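Undergrad: Following this message is one structure expressed as structure tokens.
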Amino acid sequence: MKRVAILISGGGSNMLKLVESMAGDHPARPVLVVANDPAAAGLARAAALGVATAAVDHRRFKGDRAAFEAELLRPILAMAPDIICLAGFMRVLTPEFVTRFRGRMLNIHPSLLPKYPGLHTHARALAAGDSQAGCTVHEVTPELDAGPILGQALVPVLPGDTAEALAARVLVAEHRLYPAVLRRFAAGERGVLRL
Ligand code: GRF
């Protein structure tokens with residue numbers, strides 16, 4: 001049974017879907033949810049589902065990423081996860097942290113990578129006049145939003161779409177894609193899942 005730790009920054013809607021998916025004959029179970037903000041609403045939602053939680057306020061470290069990550073590592077290493085899932089986690093991790101979990105850290109990004117790494121993905125897709133948008137689950141490597149792609153879901157851009165409307169439509173796709181990719185990854189299956 002694979003042990004999964006999930007890192008969040010806010011509401012944790014992706015985290016919830018991942019936690020809820022890990023049941024029955026699923027080859028993984030959630031062991032920890034960590035937030036970089038003690039006020040993250042996802043923490044109470046995770047606790048309500050019986051998952052251990054921790055919070056490390058990144059603002060305490062005033063830009064000293066190494067110090068923040070040293071603190072972040074403590075609850076993570078204590079739970080000895082096999083897999084780490086970044087789910088709406090909004091902090092850039094150092095190469096040292098990422099390398100420690102290389103090959104077993106996943107992230108979901110709200111664009112069809114390699115298009116639109118970074119922020120404001122929906123506004124950029126709309127500005128470019130794209131007819132298709134979507135989301136990507138990839139392995140996390142030191143280069144931001146650039147690791148091997150494990151799954152993608154396509155989402156149509158509709159006439160008159162605002163960034164908010166597109167974001168909401170993509171989020172629904174994220175909630176389908178991430179659990180499906182995690183289950184395959186935890187089972188040791190490889191290859192790109194396309195939804
Ligand atoms: C959303 O914008 C989602 O597209 C991205 O992270 C943000 C928050 O997600 N993955 P969540 O609700 O905290 O999972």
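Labeling convention for the structure tokens: chains A, B, ... as they appear, residues from 1 per chain, ligands from 1 in order of appearance.
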Could you give me, as a PyMOL selection string, the residues within 9 Å of Ser21 of chain A, counting only C-alpha atoms and dropping anything in the same chain fewer than 4 positions from it?

TA: chain A and resi 16-17+26+29+179-180+183

Undergrad: If you run DSSP on this backbone, which residues of segment 29-173 of chain A come out as helix (DSSP H, G or I), and could you give them as number ranges by chain?

TA: A: 41-48, 58-61, 65-79, 95-100, 121-127, 163-173

Undergrad: Quick one: of A:Ala168, A:Ala80, A:Leu73, A:Val33, who's nearest to ligand 1, counting only C-alpha atoms and all ligand atoms?

TA: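 Of all the options, A:Ala168 lies closest to ligand 1.
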
Undergrad: Mind dumping a table of every chain A residue within 7 Å of ligand 1, with the nearest atom pair and its distance in Å to one decimal, using only C-alpha atoms and all ligand atoms, sorted by chain and rising number, as JSON lines?

TA:
```
{"residue": "A:Ile8", "atom": "CA", "partner": "ligand 1", "partner_atom_place_in_ligand_line": "13 (O)", "distance": 6.2}
{"residue": "A:Ser9", "atom": "CA", "partner": "ligand 1", "partner_atom_place_in_ligand_line": "13 (O)", "distance": 6.3}
{"residue": "A:Gly10", "atom": "CA", "partner": "ligand 1", "partner_atom_place_in_ligand_line": "13 (O)", "distance": 4.9}
{"residue": "A:Gly11", "atom": "CA", "partner": "ligand 1", "partner_atom_place_in_ligand_line": "13 (O)", "distance": 4.5}
{"residue": "A:Gly12", "atom": "CA", "partner": "ligand 1", "partner_atom_place_in_ligand_line": "13 (O)", "distance": 3.5}
{"residue": "A:Ser13", "atom": "CA", "partner": "ligand 1", "partner_atom_place_in_ligand_line": "12 (O)", "distance": 3.7}
{"residue": "A:Asn14", "atom": "CA", "partner": "ligand 1", "partner_atom_place_in_ligand_line": "14 (O)", "distance": 3.6}
{"residue": "A:Met15", "atom": "CA", "partner": "ligand 1", "partner_atom_place_in_ligand_line": "14 (O)", "distance": 5.7}
{"residue": "A:Ala87", "atom": "CA", "partner": "ligand 1", "partner_atom_place_in_ligand_line": "14 (O)", "distance": 5.1}
{"residue": "A:Gly88", "atom": "CA", "partner": "ligand 1", "partner_atom_place_in_ligand_line": "6 (O)", "distance": 3.3}
{"residue": "A:Phe89", "atom": "CA", "partner": "ligand 1", "partner_atom_place_in_ligand_line": "6 (O)", "distance": 6.6}
{"residue": "A:Ile108", "atom": "CA", "partner": "ligand 1", "partner_atom_place_in_ligand_line": "10 (N)", "distance": 5.3}
{"residue": "A:His109", "atom": "CA", "partner": "ligand 1", "partner_atom_place_in_ligand_line": "10 (N)", "distance": 5.2}
{"residue": "A:Pro110", "atom": "CA", "partner": "ligand 1", "partner_atom_place_in_ligand_line": "4 (O)", "distance": 4.7}
{"residue": "A:Ala167", "atom": "CA", "partner": "ligand 1", "partner_atom_place_in_ligand_line": "4 (O)", "distance": 6.5}
{"residue": "A:Val170", "atom": "CA", "partner": "ligand 1", "partner_atom_place_in_ligand_line": "4 (O)", "distance": 6.9}
{"residue": "A:Leu171", "atom": "CA", "partner": "ligand 1", "partner_atom_place_in_ligand_line": "4 (O)", "distance": 5.4}
```

Undergrad: For the contact check between segment 32-102 of chain A and segment 184-188 of chain A, emit one row per residue of segment 32-102 of chain A within 12 Å, containing the shortest atom pair and the distance in Å rounded to one decimal, counting only C-alpha atoms, chain then rising number order, as a tab-separated table.

TA:
```
residue	atom	partner	partner_atom	distance
A:Pro81	CA	A:Ala186	CA	11.7
A:Asp82	CA	A:Ala186	CA	8.9
A:Ile83	CA	A:Ala186	CA	7.9
A:Ile84	CA	A:Ala186	CA	10.8
A:Cys85	CA	A:Phe185	CA	11.1
```

Undergrad: Please give the complete set of residues from segment 5-195 of chain A that DSSP, run on the backbone, assigns to strand (DSSP E), formatted as a PyMOL selection string.

TA: chain A and resi 5-8+28-35+53-55+83-86+105-109+132-139+149-156+193-194

Undergrad: In terms of the shortest atom-to-atom distance over only C-alpha atoms, which of A:Ser111, A:Thr94, A:Thr121, A:Ser131 is closest to Gln152 of chain A?

TA: A:Ser111

Undergrad: Using only C-alpha atoms, which protein or nucleic acid residues come within 12 Å of Phe68 of chain A? Drop anything in the same chain fewer than 4 positions from it, and give the result as a ChimeraX atom specification.

TA: /A:35-37,55-64,72-74,91-94,97

Undergrad: Hey, what's within 8 Å of segment 136-142 of chain A if we count only C-alpha atoms and toss same-chain stuff fewer than 5 positions away? As a PyMOL selection string, please?

TA: chain A and resi 93-95+98-99+102-113+147-153+174+177-178+181

Undergrad: Output N, CA, C and O atoms of each residue in that selection to a file, as a compact mmCIF listing (two decimals), in the first residue's frame.

TA:
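What follows is the written file selection34.txt:
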```txt
# COMPACT_ATOMS: atom_id res chain seq x y z
N LEU A 93 9.28 25.18 -5.04
CA LEU A 93 10.17 24.37 -4.22
C LEU A 93 11.58 24.40 -4.80
O LEU A 93 11.76 24.46 -6.02
N THR A 94 12.58 24.34 -3.94
CA THR A 94 13.97 24.40 -4.41
C THR A 94 14.34 23.08 -5.09
O THR A 94 13.74 22.04 -4.84
N PRO A 95 15.36 23.13 -5.95
CA PRO A 95 15.85 21.89 -6.58
C PRO A 95 16.23 20.83 -5.55
O PRO A 95 16.02 19.64 -5.77
N VAL A 98 13.01 19.15 -4.35
CA VAL A 98 12.43 18.37 -5.44
C VAL A 98 13.25 17.12 -5.72
O VAL A 98 12.71 16.03 -5.90
N THR A 99 14.58 17.29 -5.71
CA THR A 99 15.45 16.16 -6.02
C THR A 99 15.32 15.06 -4.99
O THR A 99 15.39 13.88 -5.32
N ARG A 102 12.53 13.04 -6.21
CA ARG A 102 12.48 12.88 -7.67
C ARG A 102 11.88 11.54 -8.07
O ARG A 102 12.19 10.51 -7.49
N GLY A 103 10.96 11.61 -9.04
CA GLY A 103 10.34 10.37 -9.53
C GLY A 103 9.14 9.94 -8.73
O GLY A 103 8.47 8.97 -9.10
N ARG A 104 8.86 10.65 -7.63
CA ARG A 104 7.69 10.27 -6.82
C ARG A 104 6.98 11.49 -6.27
O ARG A 104 6.29 11.42 -5.24
N MET A 105 7.08 12.62 -6.96
CA MET A 105 6.35 13.83 -6.59
C MET A 105 5.56 14.29 -7.82
O MET A 105 6.13 14.47 -8.90
N LEU A 106 4.26 14.46 -7.65
CA LEU A 106 3.36 14.83 -8.75
C LEU A 106 2.79 16.21 -8.50
O LEU A 106 2.65 16.63 -7.35
N ASN A 107 2.41 16.87 -9.60
CA ASN A 107 1.75 18.17 -9.50
C ASN A 107 0.66 18.25 -10.55
O ASN A 107 0.75 17.62 -11.61
N ILE A 108 -0.38 19.00 -10.24
CA ILE A 108 -1.40 19.28 -11.25
C ILE A 108 -1.31 20.75 -11.61
O ILE A 108 -1.18 21.61 -10.74
N HIS A 109 -1.31 20.99 -12.91
CA HIS A 109 -1.16 22.36 -13.41
C HIS A 109 -2.33 22.66 -14.34
O HIS A 109 -2.65 21.84 -15.22
N PRO A 110 -2.96 23.83 -14.21
CA PRO A 110 -4.17 24.11 -14.98
C PRO A 110 -3.91 24.66 -16.39
O PRO A 110 -4.41 25.72 -16.78
N SER A 111 -3.11 23.89 -17.16
CA SER A 111 -2.96 24.20 -18.59
C SER A 111 -2.50 22.92 -19.28
O SER A 111 -2.15 21.94 -18.62
N LEU A 112 -2.51 22.94 -20.59
CA LEU A 112 -2.00 21.81 -21.37
C LEU A 112 -0.50 22.02 -21.57
O LEU A 112 -0.05 22.49 -22.62
N LEU A 113 0.27 21.66 -20.54
CA LEU A 113 1.74 21.81 -20.66
C LEU A 113 2.21 21.06 -21.91
O LEU A 113 1.60 20.06 -22.32
N GLY A 147 8.17 18.83 -15.79
CA GLY A 147 8.55 17.42 -15.66
C GLY A 147 7.76 16.52 -16.60
O GLY A 147 6.84 16.98 -17.30
N PRO A 148 8.12 15.24 -16.66
CA PRO A 148 7.43 14.28 -17.53
C PRO A 148 5.91 14.29 -17.30
O PRO A 148 5.46 14.24 -16.16
N ILE A 149 5.16 14.35 -18.40
CA ILE A 149 3.70 14.41 -18.30
C ILE A 149 3.13 13.02 -18.04
O ILE A 149 3.48 12.06 -18.74
N LEU A 150 2.27 12.91 -17.05
CA LEU A 150 1.63 11.63 -16.70
C LEU A 150 0.17 11.59 -17.16
O LEU A 150 -0.41 10.50 -17.34
N GLY A 151 -0.44 12.74 -17.33
CA GLY A 151 -1.83 12.76 -17.78
C GLY A 151 -2.26 14.16 -18.16
O GLY A 151 -1.70 15.15 -17.69
N GLN A 152 -3.23 14.21 -19.08
CA GLN A 152 -3.80 15.49 -19.48
C GLN A 152 -5.30 15.31 -19.73
O GLN A 152 -5.75 14.25 -20.13
N ALA A 153 -6.06 16.36 -19.45
CA ALA A 153 -7.49 16.36 -19.75
C ALA A 153 -7.77 17.59 -20.61
O ALA A 153 -7.32 18.70 -20.29
N GLU A 174 -9.70 18.74 -13.56
CA GLU A 174 -8.61 18.39 -12.62
C GLU A 174 -9.07 17.33 -11.63
O GLU A 174 -8.33 16.38 -11.32
N LEU A 177 -8.98 14.06 -13.43
CA LEU A 177 -7.67 13.62 -13.93
C LEU A 177 -6.73 13.19 -12.81
O LEU A 177 -6.11 12.13 -12.89
N TYR A 178 -6.62 14.04 -11.77
CA TYR A 178 -5.59 13.78 -10.75
C TYR A 178 -5.79 12.42 -10.06
O TYR A 178 -4.85 11.61 -10.00
N VAL A 181 -4.80 9.61 -12.47
CA VAL A 181 -3.35 9.50 -12.68
C VAL A 181 -2.68 8.94 -11.43
O VAL A 181 -1.82 8.05 -11.51
```

Undergrad: Taking 5 positions as the minimum chain separation for residues in the same chain, which residues sit within 10 Å of segment 49-53 of chain A when counting only C-alpha atoms? Answer as a short mmCIF file (atom, residue, chain, number, x, y, z; two decimals) with all heavy atoms, in the first residue's frame.

TA:
```cif
data_model
loop_
_atom_site.label_atom_id
_atom_site.label_comp_id
_atom_site.auth_asym_id
_atom_site.auth_seq_id
_atom_site.Cartn_x
_atom_site.Cartn_y
_atom_site.Cartn_z
N ALA A 5 1.43 11.72 0.70
CA ALA A 5 1.33 13.01 1.37
C ALA A 5 0.90 14.04 0.33
O ALA A 5 1.35 13.98 -0.82
CB ALA A 5 2.66 13.41 2.00
N ILE A 6 0.02 14.96 0.73
CA ILE A 6 -0.52 15.95 -0.20
C ILE A 6 -0.22 17.34 0.35
O ILE A 6 -0.49 17.62 1.52
CB ILE A 6 -2.05 15.78 -0.37
CG1 ILE A 6 -2.37 14.32 -0.78
CG2 ILE A 6 -2.58 16.75 -1.41
CD1 ILE A 6 -3.85 14.00 -0.80
N LEU A 7 0.35 18.20 -0.50
CA LEU A 7 0.69 19.57 -0.12
C LEU A 7 -0.31 20.53 -0.74
O LEU A 7 -0.59 20.45 -1.95
CB LEU A 7 2.11 19.92 -0.58
CG LEU A 7 3.28 19.51 0.33
CD1 LEU A 7 3.23 18.04 0.69
CD2 LEU A 7 4.61 19.91 -0.27
N LEU A 16 -9.05 16.96 -1.74
CA LEU A 16 -10.24 16.20 -1.30
C LEU A 16 -10.55 15.07 -2.26
O LEU A 16 -10.83 13.94 -1.86
CB LEU A 16 -11.44 17.12 -1.16
CG LEU A 16 -11.48 18.00 0.08
CD1 LEU A 16 -12.73 18.87 0.05
CD2 LEU A 16 -11.46 17.18 1.35
N VAL A 19 -8.00 12.33 -1.72
CA VAL A 19 -8.24 11.60 -0.48
C VAL A 19 -9.43 10.66 -0.64
O VAL A 19 -9.37 9.48 -0.32
CB VAL A 19 -8.45 12.58 0.70
CG1 VAL A 19 -9.00 11.87 1.93
CG2 VAL A 19 -7.14 13.29 1.04
N GLU A 20 -10.52 11.20 -1.21
CA GLU A 20 -11.73 10.39 -1.36
C GLU A 20 -11.51 9.22 -2.32
O GLU A 20 -12.11 8.16 -2.18
CB GLU A 20 -12.89 11.28 -1.85
CG GLU A 20 -13.39 12.24 -0.77
CD GLU A 20 -14.22 13.39 -1.35
OE1 GLU A 20 -14.33 13.49 -2.60
OE2 GLU A 20 -14.76 14.17 -0.55
N ARG A 29 -2.97 5.13 0.06
CA ARG A 29 -3.79 5.75 1.11
C ARG A 29 -3.14 7.08 1.49
O ARG A 29 -1.92 7.19 1.52
CB ARG A 29 -3.84 4.86 2.35
CG ARG A 29 -4.71 3.61 2.19
CD ARG A 29 -6.19 3.92 2.00
NE ARG A 29 -7.04 2.71 1.94
CZ ARG A 29 -7.25 1.98 0.83
NH1 ARG A 29 -6.65 2.34 -0.33
NH2 ARG A 29 -8.01 0.91 0.86
N PRO A 30 -3.97 8.08 1.80
CA PRO A 30 -3.42 9.37 2.24
C PRO A 30 -2.89 9.25 3.67
O PRO A 30 -3.58 8.70 4.53
CB PRO A 30 -4.62 10.30 2.17
CG PRO A 30 -5.81 9.42 2.41
CD PRO A 30 -5.46 8.09 1.80
N VAL A 31 -1.69 9.77 3.92
CA VAL A 31 -1.14 9.70 5.29
C VAL A 31 -0.93 11.09 5.90
O VAL A 31 -0.76 11.23 7.10
CB VAL A 31 0.18 8.91 5.33
CG1 VAL A 31 -0.04 7.45 4.96
CG2 VAL A 31 1.24 9.55 4.45
N LEU A 32 -0.97 12.14 5.04
CA LEU A 32 -0.71 13.48 5.56
C LEU A 32 -1.15 14.54 4.57
O LEU A 32 -1.00 14.36 3.36
CB LEU A 32 0.80 13.65 5.83
CG LEU A 32 1.27 14.98 6.40
CD1 LEU A 32 0.76 15.18 7.82
CD2 LEU A 32 2.80 15.06 6.37
N VAL A 33 -1.70 15.62 5.09
CA VAL A 33 -1.97 16.82 4.28
C VAL A 33 -1.23 17.97 4.96
O VAL A 33 -1.40 18.20 6.16
CB VAL A 33 -3.48 17.13 4.20
CG1 VAL A 33 -3.71 18.51 3.56
CG2 VAL A 33 -4.20 16.05 3.38
N VAL A 34 -0.37 18.65 4.20
CA VAL A 34 0.43 19.75 4.74
C VAL A 34 0.10 21.03 3.98
O VAL A 34 -0.02 21.00 2.75
CB VAL A 34 1.94 19.49 4.59
CG1 VAL A 34 2.74 20.51 5.40
CG2 VAL A 34 2.31 18.09 5.03
N ALA A 35 -0.03 22.12 4.69
CA ALA A 35 -0.29 23.42 4.06
C ALA A 35 0.81 24.40 4.44
O ALA A 35 1.37 24.32 5.54
CB ALA A 35 -1.65 23.97 4.51
N GLY A 42 -8.36 23.82 3.45
CA GLY A 42 -8.21 22.39 3.17
C GLY A 42 -7.79 21.60 4.39
O GLY A 42 -8.07 20.39 4.47
N LEU A 43 -7.14 22.23 5.36
CA LEU A 43 -6.66 21.50 6.54
C LEU A 43 -7.83 20.91 7.32
O LEU A 43 -7.84 19.73 7.68
CB LEU A 43 -5.82 22.41 7.42
CG LEU A 43 -4.44 22.82 6.86
CD1 LEU A 43 -3.81 23.91 7.72
CD2 LEU A 43 -3.53 21.61 6.76
N ALA A 44 -8.86 21.75 7.56
CA ALA A 44 -10.02 21.26 8.33
C ALA A 44 -10.77 20.20 7.52
O ALA A 44 -11.29 19.22 8.07
CB ALA A 44 -10.94 22.42 8.66
N PRO A 75 7.26 17.14 9.23
CA PRO A 75 6.07 16.28 9.26
C PRO A 75 6.03 15.31 8.08
O PRO A 75 5.55 14.19 8.19
CB PRO A 75 4.91 17.28 9.21
CG PRO A 75 5.48 18.53 8.64
CD PRO A 75 6.91 18.57 9.06
N ILE A 76 6.58 15.72 6.94
CA ILE A 76 6.56 14.85 5.76
C ILE A 76 7.42 13.61 6.01
O ILE A 76 6.96 12.47 5.87
CB ILE A 76 7.06 15.62 4.52
CG1 ILE A 76 6.09 16.72 4.11
CG2 ILE A 76 7.30 14.65 3.35
CD1 ILE A 76 6.59 17.64 3.02
N MET A 79 6.04 11.00 8.39
CA MET A 79 4.99 10.11 7.88
C MET A 79 5.50 9.20 6.77
O MET A 79 4.75 8.37 6.24
CB MET A 79 3.79 10.93 7.39
CG MET A 79 3.11 11.73 8.48
SD MET A 79 2.64 10.71 9.89
CE MET A 79 1.12 10.00 9.26
#
```

Undergrad: If you count only C-alpha atoms, which residues fall within 7 Å of Leu166 of chain A, apart from same-chain ones fewer than 5 positions away, as a list of chain:residue names?

TA: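 So, after excluding close chain neighbours, the residues are A:His122, A:Val157, A:Asp161.
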
Undergrad: Give me a file of those residues, with N, CA, C and O atoms, as an mmCIF file, in the first residue's frame.

TA:
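Output file result_9.cif is given in full below:
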```cif
data_model
loop_
_atom_site.group_PDB
_atom_site.id
_atom_site.type_symbol
_atom_site.label_atom_id
_atom_site.label_comp_id
_atom_site.auth_asym_id
_atom_site.auth_seq_id
_atom_site.Cartn_x
_atom_site.Cartn_y
_atom_site.Cartn_z
ATOM 1 N N HIS A 122 -5.303 30.540 -17.563
ATOM 2 C CA HIS A 122 -6.562 30.651 -18.310
ATOM 3 C C HIS A 122 -6.625 31.963 -19.078
ATOM 4 O O HIS A 122 -7.003 31.990 -20.246
ATOM 5 N N VAL A 157 -12.721 25.625 -24.805
ATOM 6 C CA VAL A 157 -12.934 27.043 -24.520
ATOM 7 C C VAL A 157 -14.241 27.407 -25.219
ATOM 8 O O VAL A 157 -14.445 27.043 -26.386
ATOM 9 N N ASP A 161 -16.095 33.002 -22.948
ATOM 10 C CA ASP A 161 -15.465 32.534 -21.701
ATOM 11 C C ASP A 161 -14.682 33.660 -21.031
ATOM 12 O O ASP A 161 -13.916 34.370 -21.679
#
```

Undergrad: Restricting the calculation to only C-alpha atoms: of A:Lys115, A:Phe101, A:Ala41, A:Ala173, which residue gets closest to Cys135 of chain A?

TA: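 Smallest separation from Cys135 of chain A among the options: A:Ala173.
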
Undergrad: With distances taken over only C-alpha atoms, which of A:Ala133, A:Arg176, A:Ala54, A:Glu143 is nearest to Val155 of chain A?

TA: A:Ala133

Undergrad: For Leu154 of chain A, which of A:Ala70, A:Ala23, A:Ala78, A:Val172 is the closest residue, counting only C-alpha atoms?

TA: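 Nearest candidate to Leu154 of chain A out of A:Ala70, A:Ala23, A:Ala78, A:Val172: A:Val172.
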